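Asker: One structure, as structure tokens, below. Some questions next.
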Amino acid sequence: MVGLVAAALLTTGLSANWIWDKANAVTPIALPSAKPEPLTTISPSVKPTPTPPPMGKVVGSNLVASNNDMMPLMGSAWSDNGENSGLYGGAAIWLTVHRNYDGKTASWGNYVAFGGLAKNIPYANTPAGRKEATIQAASRAIIRLYDENVKFIGKAVHKPITVDGHPGHELSIKVVVSQPKLKETFSTVLVAVIDRGDGTADVAVGDIAGSTPQWIPIWRAKVSEIKIGQ
């Protein structure tokens, strides 16, 4: 559950210096940093009209990505939530586990998102390519949902998966949690990348509180039910 603190969601940017192995996780992974672009001259009379990125949505009993692929909801107790893990055209849901744990307004819960692989993450539909894309997607999600100084418990676990007849890769790792008055010591972050067959990939993210491990097999079951290209 990437413990999302409702009062203060962390949305730190990518850092090229943040690497997994400093926390005894996997091989060093350098995340892409934002590249500055040269300034261009724009006529004062012309107003820029940037195209907003596509968004996924929750429809009925499904998380629906902007490419119309679908992942079933975790359960009726989960509510619609903003997508915070860096997916392309994604949607997310949330389950509160500790409401107002600080005696004020901060809440902690489980988070699940589904969408496309970010466009600036390199992708190749090979075992190595799917694994690397999963590492990059997980890095981005963890930094956004925690921060770049996050600590891990143990090493990341990798395994190949097949979803709706499409090859994929899953990564899972335990993230250290330490918040005053919060009765949680870790969360389990799970990320799955699934090839779509057209040169792109879908991504499912799960962030499950250490006190609610029963949601981990449910997340995996919902990932196995993802529908692609329907």
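Labeling convention for the structure tokens: chains A, B, ... as they appear, residues from 1 per chain, ligands from 1 in order of appearance.
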Which residues come within 8 Å of region 91-102 of chain A, counting only C-alpha atoms, excluding same-chain residues fewer than 3 positions away, as a ChimeraX atom specification?

Answerer: /A:55-58,63-65,73,77-84,105-115,180-182,209

Asker: Would you mind listing what lies within 10 Å of region 150-166 of chain A as JSON, numbers by chain, with only C-alpha atoms counted and same-chain residues fewer than 2 positions away left out?

Answerer: {"A": [18, 20, 21, 22, 23, 24, 25, 26, 27, 127, 130, 131, 134, 135, 142, 143, 145, 146, 147, 148, 168, 169, 170, 171, 172, 173, 174, 175, 176, 177, 186, 187, 188, 189, 190, 191, 192, 193, 194, 195, 196, 197, 201, 223, 224, 225, 226, 227, 228, 229]}

Asker: Which residues come within 10 Å of Trp215 (chain A), counting only C-alpha atoms, excluding same-chain residues fewer than 6 positions away, as a ChimeraX atom specification?

Answerer: /A:1,74-75,110,206-209,221

Asker: Grab the CA of Arg144 (chain A) to CA of Gly103 (chain A) distance for me, in Å with one decimal place.

Answerer: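 Separation of CA of Arg144 (chain A) and CA of Gly103 (chain A): 25.1 Å.
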
Asker: Got a sec to tell me which of region 94-201 of chain A DSSP assigns to strand (DSSP E), as a PyMOL selection string?

Answerer: chain A and resi 94-98+108-116+152-163+166-176+186-195+201

Asker: Using only C-alpha atoms, which of the listed residues (A:Asn149, A:Ser61, A:Ser178, A:Thr200) sits closest to Ala118 (chain A)?

Answerer: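 Selected residue with least distance to Ala118 (chain A): A:Thr200.
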
Asker: For a quick check of understanding, using only C-alpha atoms, which of A:Lys119, A:Lys183, A:Gly60, A:Ser66 has the smallest distance to Gly210 (chain A)?

Answerer: A:Lys183
